[in-house]
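Pasting model.cif here (mmCIF, C-alpha atoms):
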```cif
data_query
loop_
_atom_site.label_atom_id
_atom_site.label_comp_id
_atom_site.auth_asym_id
_atom_site.auth_seq_id
_atom_site.Cartn_x
_atom_site.Cartn_y
_atom_site.Cartn_z
CA MET A 1 105.25 76.90 69.17
CA LYS A 2 104.36 77.02 72.87
CA ILE A 3 106.63 78.65 75.45
CA GLU A 4 106.14 78.27 79.19
CA PRO A 5 107.97 80.83 81.35
CA LEU A 6 109.87 79.49 84.36
CA GLY A 7 110.02 80.85 87.89
CA GLU A 8 108.44 84.26 88.40
CA ARG A 9 108.55 85.23 84.73
CA VAL A 10 105.76 86.35 82.41
CA LEU A 11 105.39 85.94 78.65
CA ILE A 12 103.92 89.08 77.09
CA LYS A 13 102.74 89.62 73.52
CA ILE A 14 103.84 93.10 72.46
CA LEU A 15 100.97 95.29 71.28
CA LYS A 16 101.97 97.23 68.19
CA GLN A 17 101.58 100.99 67.98
CA ALA A 18 99.79 102.54 65.06
CA SER A 19 102.04 103.46 62.13
CA GLN A 20 99.86 106.48 61.36
CA THR A 21 99.23 109.49 63.58
CA GLU A 22 95.76 110.87 64.26
CA SER A 23 96.41 113.62 61.69
CA GLY A 24 97.19 111.02 59.00
CA ILE A 25 100.99 111.15 58.92
CA TYR A 26 102.69 107.76 58.45
CA LEU A 27 105.62 107.08 60.76
CA PRO A 28 108.65 105.06 59.64
CA GLU A 29 109.74 102.21 61.92
CA THR A 30 112.81 104.19 63.02
CA ALA A 31 110.68 107.10 64.31
CA LYS A 32 108.41 104.99 66.51
CA GLU A 33 109.00 104.69 70.21
CA LYS A 34 109.58 101.28 71.73
CA PRO A 35 106.18 99.82 72.77
CA GLN A 36 105.33 99.65 76.44
CA GLU A 37 102.00 97.80 76.35
CA GLY A 38 101.44 94.09 76.03
CA GLU A 39 99.05 91.24 76.68
CA VAL A 40 99.90 88.53 79.21
CA VAL A 41 100.10 85.23 77.33
CA ALA A 42 101.59 82.91 79.96
CA LEU A 43 102.62 83.00 83.63
CA GLY A 44 105.46 81.17 85.35
CA PRO A 45 104.56 78.59 88.01
CA GLU A 46 106.13 80.50 90.91
CA ILE A 47 104.09 83.70 90.53
CA ASP A 48 102.23 84.43 93.76
CA GLU A 49 98.89 86.04 92.89
CA ASP A 50 98.92 87.94 96.21
CA ASP A 51 102.17 89.73 95.24
CA VAL A 52 101.54 90.08 91.48
CA PRO A 53 97.82 89.88 90.63
CA LEU A 54 98.07 88.93 86.95
CA GLU A 55 95.94 86.71 84.74
CA ILE A 56 96.32 85.55 81.17
CA GLY A 57 94.73 88.14 78.87
CA ASP A 58 95.56 91.16 81.08
CA ILE A 59 96.89 94.23 79.25
CA VAL A 60 99.93 95.54 81.10
CA LEU A 61 102.37 98.44 81.06
CA TYR A 62 106.09 97.73 81.36
CA PRO A 63 109.35 99.75 81.15
CA LYS A 64 110.74 100.45 77.65
CA TYR A 65 113.96 98.50 77.98
CA THR A 66 113.15 95.38 79.95
CA GLY A 67 112.86 91.69 79.31
CA THR A 68 114.13 89.46 76.53
CA GLU A 69 112.60 89.88 73.10
CA ILE A 70 111.64 86.72 71.20
CA LYS A 71 109.53 85.90 68.13
CA ILE A 72 106.82 83.26 68.37
CA ASP A 73 105.06 82.37 65.12
CA GLY A 74 106.23 85.67 63.61
CA GLU A 75 104.91 87.85 66.45
CA GLU A 76 107.08 89.77 68.92
CA HIS A 77 106.95 88.75 72.59
CA LEU A 78 108.85 89.57 75.78
CA ILE A 79 109.82 87.32 78.66
CA MET A 80 110.33 89.37 81.81
CA ASP A 81 110.20 89.14 85.57
CA ALA A 82 106.69 89.65 86.90
CA SER A 83 108.04 92.31 89.27
CA ASP A 84 109.07 94.44 86.25
CA ILE A 85 105.44 95.01 85.25
CA LEU A 86 104.39 98.52 86.22
CA ALA A 87 100.59 98.40 85.96
CA LYS A 88 97.51 96.68 84.54
CA ILE A 89 95.53 98.69 82.00
CA HIS A 90 91.74 98.69 82.28
CA LYS A 91 90.06 99.99 79.13
CA ASP A 92 86.50 100.87 80.07
#
```
As structure tokens, please, write out the structure in this file.
Amino acid sequence: MKIEPLGERVLIKILKQASQTESGIYLPETAKEKPQEGEVVALGPEIDEDDVPLEIGDIVLYPKYTGTEIKIDGEEHLIMDASDILAKIHKD
């Protein structure tokens, strides 16, 4: 399935958090925090790159309770306004 966001919206693939802590303890789904990192999968046609400098493949940080959750091919995604994105993450 292919989804194209409209307007100034962004489609983000939610990046899952590890289910095991660094010390080896497994966390149940109910104990995990809501993820806040995702990968940009698609951009709406009205996004102005001068205002919101995003590209497909960028890893971004967003607020915990934002956007609309959807499943695409069994994977969790969010559709949200581009202005809701807090930051790009650069992993060097």
- prompt: Between atom CA of Glu4 of chain A and atom CA of Lys91 of chain A, what is the distance, to one decimal in Å?
  reply: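 One can read the atom CA of Glu4 of chain A to atom CA of Lys91 of chain A distance as 27.0 Å.
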task: Could you please give me, as number ranges by chain, the residues of protein, DNA or RNA lying at most 9 Å from (104.0, 89.3, 90.4) in the coordinate frame of the file, considering all atoms listed in the file?
output: A: 8-10, 47-54, 81-85
- request: Excluding Ile3 of chain A and any residue of its chain fewer than 2 positions from it, enumerate the residues within 12 Å of it, using all atoms listed in the file, and give them as a list in words.
  value: Met1, Pro5, Leu6, Arg9, Val10, Leu11, Ile12, Lys13, Val41, Ala42, Leu43, Gly44, Ile70, Lys71, Ile72, Asp73, His77, Leu78 and Ile79 of chain A
task: May I ask which of the residues A:Gly7, A:Lys2, A:Lys88, A:Glu37 is the closest one to Pro63 of chain A, counting only C-alpha atoms?
output: A:Glu37
task: Between atom CA of Pro45 of chain A and atom CA of Gly57 of chain A, measure the distance and give it in Å to one decimal.
output: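 These atoms are spaced 16.5 Å apart.
You will find atom CA of Glu39 of chain A at 5.6 Å from atom CA of Asp58 of chain A.
Shortest separation to Ile59 of chain A among A:Ile89, A:Glu76, A:Glu46, A:Leu15 occurs at residue A:Ile89, atoms counted being all atoms listed in the file.
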Selection result of the PyMOL selection byres ((chain A and resi 36) around 6) on this file, as a ChimeraX atom specification: /A:35,37,61-62,64
